[in-house]
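Below is the file data28.cif, which contains mmCIF, C-alpha atoms.
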data_structure
loop_
_atom_site.label_atom_id
_atom_site.label_comp_id
_atom_site.auth_asym_id
_atom_site.auth_seq_id
_atom_site.Cartn_x
_atom_site.Cartn_y
_atom_site.Cartn_z
CA MET X 235 -50.98 151.70 16.98
CA ALA X 236 -51.45 149.93 20.30
CA ASP X 237 -51.74 152.34 23.22
CA ARG X 238 -49.25 150.30 25.22
CA VAL X 239 -47.05 147.29 24.40
CA THR X 240 -45.60 145.19 27.20
CA VAL X 241 -43.23 142.29 26.58
CA ILE X 242 -43.28 139.72 29.38
CA GLY X 243 -40.62 137.09 29.85
CA TRP X 244 -41.70 133.70 31.19
CA ASP X 245 -39.33 131.14 32.70
CA GLY X 246 -41.83 128.71 34.20
CA SER X 247 -42.05 130.43 37.56
CA PRO X 248 -45.18 132.33 38.73
CA LEU X 249 -45.67 135.64 36.96
CA THR X 250 -44.71 138.78 38.85
CA GLU X 251 -47.29 141.31 39.98
CA ALA X 252 -46.22 143.64 37.18
CA ALA X 253 -46.70 140.88 34.60
CA ARG X 254 -50.12 139.89 35.93
CA SER X 255 -51.24 143.51 35.97
CA ALA X 256 -50.21 144.04 32.35
CA LEU X 257 -51.91 140.82 31.25
CA SER X 258 -55.17 141.61 33.00
CA ALA X 259 -55.44 144.89 31.10
CA ALA X 260 -54.46 143.46 27.70
CA THR X 261 -56.85 143.54 24.77
CA LEU X 262 -54.34 141.63 22.56
CA VAL X 263 -52.00 138.87 23.72
CA ALA X 264 -49.33 137.40 21.45
CA GLY X 265 -47.29 134.33 22.30
CA ALA X 266 -46.67 130.65 21.72
CA ALA X 267 -49.41 128.12 22.42
CA HIS X 268 -48.15 127.40 25.94
CA HIS X 269 -48.11 131.13 26.70
CA LEU X 270 -51.67 131.66 25.51
CA ALA X 271 -52.76 128.74 27.72
CA LEU X 272 -51.53 130.41 30.91
CA PRO X 273 -54.41 130.97 33.36
CA GLU X 274 -53.51 134.66 33.65
CA THR X 275 -54.18 135.25 29.93
CA PRO X 276 -57.52 137.09 29.65
CA PRO X 277 -59.96 135.00 27.58
CA GLY X 278 -61.61 138.09 26.12
CA ALA X 279 -58.40 139.43 24.58
CA GLU X 280 -57.47 138.86 20.95
CA HIS X 281 -54.99 135.98 20.77
CA VAL X 282 -52.13 135.97 18.24
CA ARG X 283 -49.94 132.89 17.83
CA LEU X 284 -46.35 134.08 17.79
CA GLY X 285 -44.89 132.36 14.73
CA SER X 286 -43.53 135.20 12.63
CA VAL X 287 -42.52 138.05 14.94
CA ASP X 288 -42.72 140.54 12.06
CA LEU X 289 -46.31 139.48 11.29
CA ALA X 290 -47.26 139.76 14.96
CA ALA X 291 -45.60 143.19 15.15
CA ARG X 292 -47.74 144.41 12.26
CA ARG X 293 -50.86 143.10 13.99
CA ILE X 294 -49.85 144.91 17.18
CA ALA X 295 -49.05 148.12 15.32
CA GLY X 296 -52.55 148.13 13.86
CA HIS X 297 -54.29 147.25 17.12
CA ARG X 298 -56.27 149.81 19.08
CA GLY X 299 -55.84 148.93 22.71
CA THR X 300 -53.27 147.44 25.06
CA ALA X 301 -51.00 144.65 23.77
CA VAL X 302 -48.90 142.08 25.61
CA VAL X 303 -46.27 139.81 24.05
CA LEU X 304 -45.25 136.71 26.00
CA ALA X 305 -41.86 135.12 25.33
CA ASP X 306 -39.68 132.45 26.94
CA GLY X 307 -36.85 133.60 29.19
CA ASP X 308 -35.47 137.10 28.92
CA PRO X 309 -37.06 138.67 25.81
CA GLY X 310 -34.25 141.20 25.59
CA PHE X 311 -31.56 138.52 25.28
CA PHE X 312 -31.62 137.18 21.70
CA GLY X 313 -35.39 137.64 21.97
CA VAL X 314 -38.41 139.40 20.52
CA VAL X 315 -37.60 142.86 21.84
CA ARG X 316 -35.13 143.52 19.03
CA ALA X 317 -37.67 142.60 16.34
CA LEU X 318 -40.50 144.57 17.95
CA ARG X 319 -38.33 147.69 18.22
CA ALA X 320 -37.23 147.53 14.57
CA PRO X 321 -37.75 150.93 12.86
CA GLU X 322 -40.28 149.56 10.36
CA HIS X 323 -42.73 148.72 13.16
CA GLY X 324 -42.34 151.89 15.24
CA LEU X 325 -43.21 150.14 18.52
CA GLU X 326 -42.10 151.42 21.90
CA VAL X 327 -42.20 148.60 24.43
CA GLU X 328 -41.99 148.05 28.16
CA VAL X 329 -40.19 144.88 29.21
CA VAL X 330 -40.82 142.62 32.20
CA PRO X 331 -37.82 140.25 32.05
CA ALA X 332 -37.39 136.73 33.38
CA VAL X 333 -34.40 134.43 33.82
CA SER X 334 -32.89 133.76 30.41
CA SER X 335 -32.85 130.20 29.13
CA VAL X 336 -29.05 130.32 29.06
CA ALA X 337 -28.87 131.31 32.72
CA ALA X 338 -31.43 128.62 33.57
CA ALA X 339 -29.49 125.96 31.64
CA PHE X 340 -26.23 126.76 33.44
CA ALA X 341 -28.10 126.81 36.75
CA ARG X 342 -29.34 123.28 36.04
CA ALA X 343 -25.75 122.28 35.26
CA GLY X 344 -24.42 124.03 38.38
CA MET X 345 -21.86 125.99 36.38
CA PRO X 346 -20.94 129.68 36.05
CA TRP X 347 -21.53 131.20 32.65
CA ASP X 348 -19.79 134.57 32.62
CA ASP X 349 -16.99 132.95 30.58
CA THR X 350 -19.39 131.58 27.99
CA ARG X 351 -19.90 132.36 24.33
CA VAL X 352 -23.61 132.46 23.44
CA VAL X 353 -24.67 131.74 19.85
CA VAL X 354 -27.96 131.34 18.02
CA ALA X 355 -28.25 128.37 15.67
CA HIS X 356 -30.71 128.64 12.80
CA GLN X 357 -30.28 126.61 9.66
CA ARG X 358 -28.54 129.61 8.05
CA THR X 359 -26.17 130.16 11.01
CA LEU X 360 -25.64 126.56 12.13
CA ARG X 361 -22.19 126.16 10.55
CA ARG X 362 -20.89 129.33 12.17
CA ALA X 363 -22.34 128.30 15.54
CA VAL X 364 -20.51 124.97 15.21
CA ASN X 365 -17.27 126.81 14.45
CA VAL X 366 -17.64 128.77 17.69
CA CYS X 367 -18.10 125.44 19.50
CA ARG X 368 -14.88 124.21 17.89
CA ALA X 369 -12.95 127.28 18.99
CA HIS X 370 -14.17 127.86 22.56
CA PRO X 371 -14.32 125.63 25.65
CA LYS X 372 -17.75 126.74 26.84
CA VAL X 373 -20.57 127.69 24.47
CA ALA X 374 -24.33 128.01 24.97
CA VAL X 375 -26.29 127.32 21.79
CA LEU X 376 -29.84 128.62 21.44
CA THR X 377 -31.18 126.10 18.96
CA SER X 378 -34.08 126.01 16.53
CA PRO X 379 -35.85 123.26 14.54
CA GLY X 380 -33.39 121.79 12.06
CA ALA X 381 -30.44 123.28 13.96
CA GLY X 382 -30.55 121.39 17.22
CA PRO X 383 -28.35 119.05 19.27
CA ALA X 384 -28.25 116.30 16.64
CA GLU X 385 -27.19 118.69 13.86
CA LEU X 386 -24.57 120.27 16.12
CA ALA X 387 -23.14 116.84 16.90
CA LEU X 388 -23.00 115.78 13.26
CA LEU X 389 -21.09 118.90 12.22
CA LEU X 390 -18.70 118.54 15.17
CA ASP X 391 -17.57 115.17 13.84
CA GLY X 392 -14.01 114.50 15.01
CA VAL X 393 -14.14 117.08 17.83
CA HIS X 394 -14.92 115.72 21.30
CA ARG X 395 -17.24 117.82 23.43
CA THR X 396 -19.68 117.24 26.29
CA PHE X 397 -23.28 118.26 25.60
CA VAL X 398 -25.69 119.39 28.31
CA VAL X 399 -29.05 119.38 26.53
CA CYS X 400 -31.83 121.23 28.36
CA GLU X 401 -35.25 120.53 26.87
CA GLU X 402 -38.40 122.57 27.56
CA LEU X 403 -36.91 124.50 30.46
CA GLY X 404 -39.41 125.75 33.02
CA THR X 405 -42.19 123.38 32.00
CA SER X 406 -43.45 120.14 33.51
CA ARG X 407 -41.69 118.32 30.65
CA GLU X 408 -38.26 119.80 31.44
CA GLN X 409 -35.40 117.35 30.99
CA VAL X 410 -31.63 117.80 31.27
CA SER X 411 -29.34 115.25 29.60
CA VAL X 412 -25.54 115.07 29.79
CA LEU X 413 -23.79 113.06 27.08
CA THR X 414 -20.80 113.14 24.77
CA SER X 415 -21.21 114.89 21.45
CA ASP X 416 -20.77 111.69 19.44
CA ARG X 417 -23.94 110.28 21.04
CA ALA X 418 -26.15 113.34 20.62
CA ALA X 419 -26.91 112.60 16.98
CA ASP X 420 -28.60 109.31 17.95
CA HIS X 421 -31.40 111.03 19.89
CA THR X 422 -34.58 112.86 18.98
CA TRP X 423 -34.73 116.09 20.98
CA ARG X 424 -37.75 118.16 21.93
CA ASP X 425 -38.01 121.84 21.09
CA PRO X 426 -37.33 124.31 22.53
CA ASN X 427 -33.94 123.34 23.90
CA VAL X 428 -30.64 124.91 24.86
CA VAL X 429 -27.34 123.05 24.41
CA LEU X 430 -24.29 123.74 26.56
CA VAL X 431 -21.20 122.61 24.65
CA ILE X 432 -18.31 122.02 27.04
CA GLY X 433 -14.80 120.82 26.33
CA GLY X 434 -11.16 121.62 25.92
CA ALA X 435 -8.79 123.44 28.23
CA GLY X 436 -10.55 125.59 30.79
CA GLY X 437 -14.00 124.27 29.93
CA THR X 438 -14.99 123.05 33.39
CA GLY X 439 -12.04 123.76 35.65
CA ALA X 440 -11.78 126.56 38.18
CA SER X 441 -10.21 129.75 36.95
CA THR X 442 -9.63 133.28 38.09
CA ALA X 443 -12.64 135.56 38.05
CA PRO X 444 -13.10 136.91 34.53
CA TRP X 445 -13.42 140.62 33.86
CA LEU X 446 -15.00 140.29 30.40
CA MET X 447 -18.11 138.39 29.37
CA GLY X 448 -17.22 135.39 27.24
CA HIS X 449 -14.08 133.29 26.89
CA ASP X 450 -10.97 135.39 26.28
CA PRO X 451 -8.51 133.33 24.18
CA ALA X 452 -5.82 135.96 24.69
CA ALA X 453 -5.92 135.74 28.48
CA GLY X 454 -2.43 134.99 29.74
CA ALA X 455 -0.98 135.08 26.24
CA ALA X 456 1.92 137.25 25.19
CA ARG X 457 0.90 140.71 24.04
CA GLY X 458 1.19 141.29 20.32
CA TRP X 459 0.76 139.31 17.12
CA ALA X 460 3.06 137.47 14.75
CA LEU X 461 5.64 136.96 17.47
CA PRO X 462 8.78 134.91 16.80
CA ALA X 463 8.01 131.25 17.41
CA ALA X 464 9.58 129.50 20.36
CA PRO X 465 12.57 127.34 19.37
CA GLU X 466 10.83 124.18 20.60
CA GLU X 467 7.97 124.79 18.15
CA GLY X 468 10.35 124.11 15.29
CA THR X 469 9.16 127.13 13.34
CA ALA X 470 11.87 129.67 13.84
CA PRO X 471 12.43 131.90 10.82
CA GLY X 472 14.20 129.91 8.13
CA ASP X 473 12.90 126.53 9.36
CA ARG X 474 10.31 126.50 6.59
CA PRO X 475 9.64 129.18 3.97
CA GLY X 476 6.64 131.22 5.01
CA GLU X 477 7.13 130.94 8.78
CA ASP X 478 8.74 134.36 9.05
CA PRO X 479 6.71 136.36 11.61
CA THR X 480 6.34 139.35 9.30
CA LEU X 481 4.86 137.21 6.54
CA ARG X 482 2.59 135.60 9.11
CA ALA X 483 1.36 139.03 10.18
CA VAL X 484 0.46 139.97 6.62
CA GLN X 485 -1.27 136.63 6.07
CA LEU X 486 -3.39 137.19 9.18
CA ALA X 487 -4.24 140.68 7.98
CA ARG X 488 -5.30 139.44 4.54
CA LEU X 489 -7.38 136.52 5.86
CA GLY X 490 -8.95 138.33 8.83
CA PRO X 491 -9.98 135.26 10.88
CA ARG X 492 -12.81 135.96 13.32
CA PRO X 493 -15.35 134.16 15.54
CA GLY X 494 -17.60 131.90 13.49
CA ASP X 495 -14.93 131.26 10.84
CA LEU X 496 -13.22 127.97 10.12
CA VAL X 497 -9.57 128.38 9.12
CA TRP X 498 -7.56 125.75 7.29
CA ASP X 499 -3.81 126.04 7.94
CA ILE X 500 -2.20 123.67 5.44
CA GLY X 501 1.44 122.79 6.06
CA GLY X 502 1.66 124.82 9.24
CA ALA X 503 4.81 123.08 10.57
CA GLY X 504 4.81 124.02 14.25
CA GLY X 505 1.44 125.75 14.50
CA ALA X 506 2.51 129.38 14.94
CA PHE X 507 -0.06 130.62 12.41
CA ALA X 508 -2.77 128.21 13.60
CA VAL X 509 -2.39 129.38 17.20
CA GLU X 510 -2.58 133.05 16.23
CA ALA X 511 -5.68 132.49 14.10
CA ALA X 512 -7.28 130.73 17.08
CA ARG X 513 -6.40 133.69 19.30
CA PHE X 514 -8.63 135.79 17.04
CA GLY X 515 -11.52 133.52 18.05
CA ALA X 516 -11.71 131.45 14.85
CA ALA X 517 -11.96 127.68 14.67
CA VAL X 518 -8.79 126.21 13.16
CA ILE X 519 -7.87 122.92 11.51
CA ALA X 520 -4.10 122.56 11.12
CA VAL X 521 -3.09 120.07 8.44
CA ASP X 522 0.41 118.69 7.95
CA ALA X 523 1.86 115.51 6.48
CA ASP X 524 4.49 115.31 9.22
CA PRO X 525 3.25 113.66 12.47
CA ALA X 526 5.84 115.65 14.40
CA ALA X 527 4.19 118.86 13.20
CA ARG X 528 0.95 117.72 14.78
CA THR X 529 2.72 117.21 18.10
CA ARG X 530 4.34 120.65 17.94
CA THR X 531 1.07 122.34 16.97
CA GLU X 532 -0.88 120.73 19.81
CA ALA X 533 1.85 121.68 22.28
CA ALA X 534 1.79 125.28 21.04
CA ALA X 535 -2.01 125.39 21.39
CA ARG X 536 -1.81 124.17 25.00
CA ARG X 537 0.93 126.67 25.77
CA HIS X 538 -1.18 129.56 24.46
CA GLY X 539 -4.49 128.29 25.86
CA VAL X 540 -6.41 127.95 22.59
CA LEU X 541 -8.44 125.16 21.04
CA LEU X 542 -7.75 123.86 17.56
CA GLN X 543 -7.94 120.59 15.63
CA THR X 544 -4.95 118.89 14.02
CA VAL X 545 -5.06 116.50 11.08
CA THR X 546 -2.13 114.44 9.83
CA GLY X 547 -2.23 113.75 6.11
CA ARG X 548 -0.98 114.88 2.76
CA ALA X 549 -2.87 117.61 0.96
CA PRO X 550 -4.76 117.83 -1.28
CA HIS X 551 -6.23 114.35 -0.65
CA VAL X 552 -6.72 114.82 3.09
CA LEU X 553 -8.75 117.99 2.48
CA GLU X 554 -11.67 116.10 0.94
CA SER X 555 -13.03 114.99 4.32
CA LEU X 556 -12.67 118.35 6.10
CA PRO X 557 -15.62 120.70 6.76
CA GLU X 558 -16.03 123.80 4.61
CA PRO X 559 -13.47 126.57 5.33
CA ASP X 560 -14.05 130.30 5.41
CA VAL X 561 -10.40 131.26 4.94
CA VAL X 562 -7.34 129.18 4.04
CA ARG X 563 -3.59 129.59 4.39
CA VAL X 564 -1.54 127.34 2.13
CA ALA X 565 1.99 127.05 3.50
CA ALA X 566 2.96 123.92 1.55
CA GLY X 567 1.79 121.96 -1.46
CA GLY X 568 1.85 124.57 -4.20
CA VAL X 569 -0.58 124.72 -7.11
CA PRO X 570 -2.37 121.34 -6.56
CA VAL X 571 -3.29 122.31 -3.02
CA VAL X 572 -4.31 125.84 -4.00
CA THR X 573 -6.56 124.42 -6.73
CA ALA X 574 -8.16 121.99 -4.29
CA CYS X 575 -8.85 124.89 -1.95
CA THR X 576 -10.42 127.10 -4.62
CA ASP X 577 -12.81 124.23 -5.37
CA ARG X 578 -14.15 124.55 -1.81
CA ARG X 579 -14.93 128.27 -2.31
CA PRO X 580 -13.55 129.89 0.86
CA GLU X 581 -13.84 133.67 1.02
CA ARG X 582 -10.08 134.21 1.08
CA ILE X 583 -6.92 132.22 0.44
CA THR X 584 -3.27 133.11 0.98
CA ALA X 585 -0.26 131.23 -0.35
CA HIS X 586 3.36 132.08 -0.95
CA ALA X 587 6.29 131.13 -3.13
CA THR X 588 10.03 131.65 -3.06
CA THR X 589 10.41 132.08 -6.85
CA ARG X 590 8.66 134.23 -9.43
CA ASP X 591 7.72 131.18 -11.50
CA GLY X 592 6.10 129.59 -8.47
CA ALA X 593 4.26 132.79 -7.65
CA GLU X 594 2.94 133.13 -11.20
CA ALA X 595 1.66 129.56 -11.15
CA ILE X 596 -0.14 130.04 -7.83
CA GLY X 597 -1.59 133.37 -8.97
CA ALA X 598 -2.93 131.74 -12.13
CA ALA X 599 -4.51 128.94 -10.08
CA LEU X 600 -6.25 131.47 -7.85
CA ALA X 601 -7.48 133.51 -10.80
CA ASP X 602 -8.74 130.41 -12.63
CA GLY X 603 -10.63 129.46 -9.47
CA GLY X 604 -12.58 132.72 -9.42
CA TYR X 605 -10.44 134.82 -7.11
CA THR X 606 -9.13 138.36 -7.39
CA VAL X 607 -5.38 138.10 -6.80
CA GLU X 608 -3.02 140.44 -5.00
CA THR X 609 0.72 139.72 -5.21
CA VAL X 610 3.41 141.39 -3.15
CA LEU X 611 7.12 140.74 -2.63
CA LEU X 612 7.99 140.77 1.05
CA GLN X 613 11.55 141.12 2.25
CA THR X 614 12.51 141.19 5.90
CA VAL X 615 16.00 141.52 7.29
CA GLY X 616 16.70 140.76 10.92
CA LEU X 617 19.42 142.96 12.38
CA ASP X 618 21.68 142.61 15.37
CA PRO X 619 20.95 145.73 17.46
CA ALA X 620 24.49 145.81 18.81
CA ASP X 621 26.22 146.49 15.51
CA TRP X 622 23.37 146.51 12.95
CA THR X 623 24.74 143.49 11.15
CA GLU X 624 22.35 141.20 9.32
CA ARG X 625 21.23 138.11 11.26
CA GLU X 626 18.71 136.59 8.84
CA ARG X 627 16.89 137.48 5.66
CA SER X 628 13.57 136.33 4.23
CA VAL X 629 12.36 137.07 0.71
CA VAL X 630 9.03 135.63 -0.39
CA PHE X 631 6.15 136.30 -2.78
CA LEU X 632 2.81 136.53 -0.96
CA LEU X 633 -0.35 135.86 -2.96
CA SER X 634 -3.77 136.69 -1.58
CA GLY X 635 -6.98 135.62 -3.25
CA ARG X 636 -10.40 137.13 -2.54
CA ARG X 637 -13.42 135.32 -3.94
CA THR X 638 -15.16 137.49 -6.51
CA ALA X 639 -18.83 138.34 -6.10
CA ALA X 640 -19.63 136.68 -9.43
CA ALA X 641 -17.97 133.40 -8.45
CA PRO X 642 -20.35 130.56 -7.47
#
As structure tokens, the full file:
Amino acid sequence: MADRVTVIGWDGSPLTEAARSALSAATLVAGAAHHLALPETPPGAEHVRLGSVDLAARRIAGHRGTAVVLADGDPGFFGVVRALRAPEHGLEVEVVPAVSSVAAAFARAGMPWDDTRVVVAHQRTLRRAVNVCRAHPKVAVLTSPGAGPAELALLLDGVHRTFVVCEELGTSREQVSVLTSDRAADHTWRDPNVVLVIGGAGGTGASTAPWLMGHDPAAGAARGWALPAAPEEGTAPGDRPGEDPTLRAVQLARLGPRPGDLVWDIGGAGGAFAVEAARFGAAVIAVDADPAARTRTEAAARRHGVLLQTVTGRAPHVLESLPEPDVVRVAAGGVPVVTACTDRRPERITAHATTRDGAEAIGAALADGGYTVETVLLQTVGLDPADWTERERSVVFLLSGRRTAAAP
């Protein structure tokens, strides 16, 4: 094993004294081509091109001498330090950090970034990174080949955002471009790059100083979940079956929306469920055939300070053009809509019915689509606290489908 392993961050500025000292003593230097070309890199040291970090870690583990790993930005922030410290390599490292590429990108844009979500986009995580961009007003995306600004823009189709694309930060070829997301797909971008995705309420405006890193969708919102909808939202209990707050709470619990997810809320009426799913940090598309429902949903989203997308159209036909969901709530449309949703293979689906026959039909559709089905009968009775008389009653069958491991 190497006698000493030092990881040095490089942000384009002159190396610190500590970094130069570690490099001068190195007998092995690992890094990208532009790192190995730095004048401070000792020519007599063994050079390792840093493609696969795991492969480089094995080379370092077997090296007798002093090793240095060069990396862009802060190597402890979504960087090589995590991979080098993995138990299978057994490496203890010293770190000389530099300004992270995210901090540098926001500095170029002249914007604060303590209210930012930071995501890494590889080809396997690109869709989830896009969903975070849908759900939050300020996101920094650390891209990779095949999961860059153009791919982000294509998957954000129908959602307007501003892109700040920072190419080759810290080098003589550095370039910063500001453009709308619909134009980003028409360009060829140089790697490495960082994309700042800005848009929606609170994306660029002044706000109170945050106390928590990252955008907090619950800031300023009422405490609690599954609250009774405001009368102006048109979704008070009894307005549409399935809008009872207690049922909504159970649906949220069964679906478990979270950051990186895309939620379909089909037939959401006034947006009470869509808003609460967005407060969990998920991206949400609310679908309803009634144009007035779209207006109510968008008003509710503004009132609660969350971002979501609304689509007016009749399911199941309108669903064909929507991006792939992770979880789905079907509040209207019955078996045809449930079947269309199972064809898209989300992890979980909830639906409900007011009759046993309707519940059996929906349960059969979920089972036929490859889902394990849970069925419960929920009854809630609202009482007047003054004399304990009944104010309203809701009785509904809730069906929850979880995609089986064997399903395609």
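Picture a line from CA of Val607 in chain X to CA of Gly458 in chain X; it runs 28.1 Å.
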Practice problem: Please check which residues have atoms at most 10 Å from (-3.7, 124.6, 15.8) in the file's coordinates, counting all atoms listed in the file, and write them as a count of residues only. | Solution: 32
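Distance check against Thr350 in chain X using all atoms listed in the file: of X:Glu608, X:Asp450, X:Glu624, X:Asp425, the minimum falls on X:Asp450.
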Do you know which residues the PyMOL selection byres ((chain X and resi 356) around 12) returns on this file, as a compact mmCIF listing (two decimals) with C-alpha atoms, in the frame of the given file?
# COMPACT_ATOMS: atom_id res chain seq x y z
CA VAL X 353 -24.67 131.74 19.85
CA VAL X 354 -27.96 131.34 18.02
CA ALA X 355 -28.25 128.37 15.67
CA GLN X 357 -30.28 126.61 9.66
CA ARG X 358 -28.54 129.61 8.05
CA THR X 359 -26.17 130.16 11.01
CA LEU X 360 -25.64 126.56 12.13
CA ARG X 361 -22.19 126.16 10.55
CA ARG X 362 -20.89 129.33 12.17
CA ALA X 363 -22.34 128.30 15.54
CA VAL X 364 -20.51 124.97 15.21
CA VAL X 375 -26.29 127.32 21.79
CA LEU X 376 -29.84 128.62 21.44
CA THR X 377 -31.18 126.10 18.96
CA SER X 378 -34.08 126.01 16.53
CA PRO X 379 -35.85 123.26 14.54
CA GLY X 380 -33.39 121.79 12.06
CA ALA X 381 -30.44 123.28 13.96
CA GLY X 382 -30.55 121.39 17.22
CA PRO X 383 -28.35 119.05 19.27
CA GLU X 385 -27.19 118.69 13.86
CA LEU X 386 -24.57 120.27 16.12
Quick check on the file I pasted: which residues fall under the PyMOL selection byres ((chain X and resi 370) around 12)? Write them as a tab-separated table (two decimals) with C-alpha atoms, in the coordinates of the input.
chain	number	residue	atom	x	y	z
X	349	ASP	CA	-16.99	132.95	30.58
X	350	THR	CA	-19.39	131.58	27.99
X	351	ARG	CA	-19.90	132.36	24.33
X	352	VAL	CA	-23.61	132.46	23.44
X	353	VAL	CA	-24.67	131.74	19.85
X	363	ALA	CA	-22.34	128.30	15.54
X	364	VAL	CA	-20.51	124.97	15.21
X	365	ASN	CA	-17.27	126.81	14.45
X	366	VAL	CA	-17.64	128.77	17.69
X	367	CYS	CA	-18.10	125.44	19.50
X	368	ARG	CA	-14.88	124.21	17.89
X	369	ALA	CA	-12.95	127.28	18.99
X	371	PRO	CA	-14.32	125.63	25.65
X	372	LYS	CA	-17.75	126.74	26.84
X	373	VAL	CA	-20.57	127.69	24.47
X	374	ALA	CA	-24.33	128.01	24.97
X	393	VAL	CA	-14.14	117.08	17.83
X	395	ARG	CA	-17.24	117.82	23.43
X	430	LEU	CA	-24.29	123.74	26.56
X	431	VAL	CA	-21.20	122.61	24.65
X	432	ILE	CA	-18.31	122.02	27.04
X	433	GLY	CA	-14.80	120.82	26.33
X	434	GLY	CA	-11.16	121.62	25.92
X	435	ALA	CA	-8.79	123.44	28.23
X	436	GLY	CA	-10.55	125.59	30.79
X	437	GLY	CA	-14.00	124.27	29.93
X	438	THR	CA	-14.99	123.05	33.39
X	448	GLY	CA	-17.22	135.39	27.24
X	449	HIS	CA	-14.08	133.29	26.89
X	450	ASP	CA	-10.97	135.39	26.28
X	451	PRO	CA	-8.51	133.33	24.18
X	452	ALA	CA	-5.82	135.96	24.69
X	493	PRO	CA	-15.35	134.16	15.54
X	494	GLY	CA	-17.60	131.90	13.49
X	512	ALA	CA	-7.28	130.73	17.08
X	513	ARG	CA	-6.40	133.69	19.30
X	514	PHE	CA	-8.63	135.79	17.04
X	515	GLY	CA	-11.52	133.52	18.05
X	516	ALA	CA	-11.71	131.45	14.85
X	517	ALA	CA	-11.96	127.68	14.67
X	518	VAL	CA	-8.79	126.21	13.16
X	539	GLY	CA	-4.49	128.29	25.86
X	540	VAL	CA	-6.41	127.95	22.59
X	541	LEU	CA	-8.44	125.16	21.04
X	542	LEU	CA	-7.75	123.86	17.56
X	543	GLN	CA	-7.94	120.59	15.63
Exercise. List the residues matched by the PyMOL selection byres ((chain X and resi 275) around 12) in the displayed structure as an NGL selection string, ordered by chain and then by residue number.
Key: :X and (242 or 249 or 253-265 or 267-274 or 276-282 or 301-304)
Show me, as lines of an AutoDock Vina configuration file, the centre and edge lengths in Å to one decimal of the axis-aligned box that covers every listed atom of range 537-551 of chain X with 6 Å on each side.
center_x = -3.8
center_y = 121.7
center_z = 12.3
size_x = 21.4
size_y = 27.8
size_z = 39.1
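Note that CA of Gly243 in chain X and CA of Ala339 in chain X are 15.8 Å apart.
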Practice problem: Measure the distance from CA of Ala601 in chain X to CA of Leu556 in chain X in Å and round it to one decimal. | Solution: 23.3 Å
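For the residues X:Gly547, X:Pro462, X:Pro491, X:Pro525, ranking by smallest atom-to-atom distance to Gly616 in chain X using all atoms listed in the file places X:Pro462 first.
The smallest atom-to-atom distance between Pro559 in chain X and any of X:Asn427, X:Thr576, X:Ser334, X:Ser628, using only C-alpha atoms, is found for X:Thr576.
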Self-check item: Selection near Asp348 in chain X, 8 Å with only C-alpha atoms, sequence-local residues under 3 positions removed, as a PyMOL selection string
Solution: chain X and resi 444+446-448
Take range 613-624 of chain X, model N, CA and C atoms, and hand the result over as a compact mmCIF listing (two decimals), in the coordinates of the input.
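Written file, rebuild10.txt:
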# COMPACT_ATOMS: atom_id res chain seq x y z
N GLN X 613 10.17 141.38 1.84
CA GLN X 613 11.55 141.12 2.25
C GLN X 613 11.73 141.64 3.67
N THR X 614 12.21 140.77 4.53
CA THR X 614 12.51 141.19 5.90
C THR X 614 13.97 140.84 6.19
N VAL X 615 14.60 141.71 6.91
CA VAL X 615 16.00 141.52 7.29
C VAL X 615 16.12 141.71 8.79
N GLY X 616 16.47 140.65 9.49
CA GLY X 616 16.70 140.76 10.92
C GLY X 616 18.08 141.31 11.21
N LEU X 617 18.16 142.30 12.10
CA LEU X 617 19.42 142.96 12.38
C LEU X 617 19.83 142.73 13.83
N ASP X 618 21.12 142.67 14.03
CA ASP X 618 21.68 142.61 15.37
C ASP X 618 21.73 144.04 15.91
N PRO X 619 20.99 144.34 16.99
CA PRO X 619 20.95 145.73 17.46
C PRO X 619 22.28 146.25 17.98
N ALA X 620 23.21 145.34 18.28
CA ALA X 620 24.49 145.81 18.81
C ALA X 620 25.32 146.50 17.74
N ASP X 621 25.38 145.90 16.54
CA ASP X 621 26.22 146.49 15.51
C ASP X 621 25.51 146.62 14.16
N TRP X 622 24.19 146.37 14.14
CA TRP X 622 23.37 146.51 12.95
C TRP X 622 23.81 145.59 11.81
N THR X 623 24.42 144.47 12.17
CA THR X 623 24.74 143.49 11.15
C THR X 623 23.53 142.59 10.90
N GLU X 624 23.49 142.04 9.71
CA GLU X 624 22.35 141.20 9.32
C GLU X 624 22.42 139.84 10.01
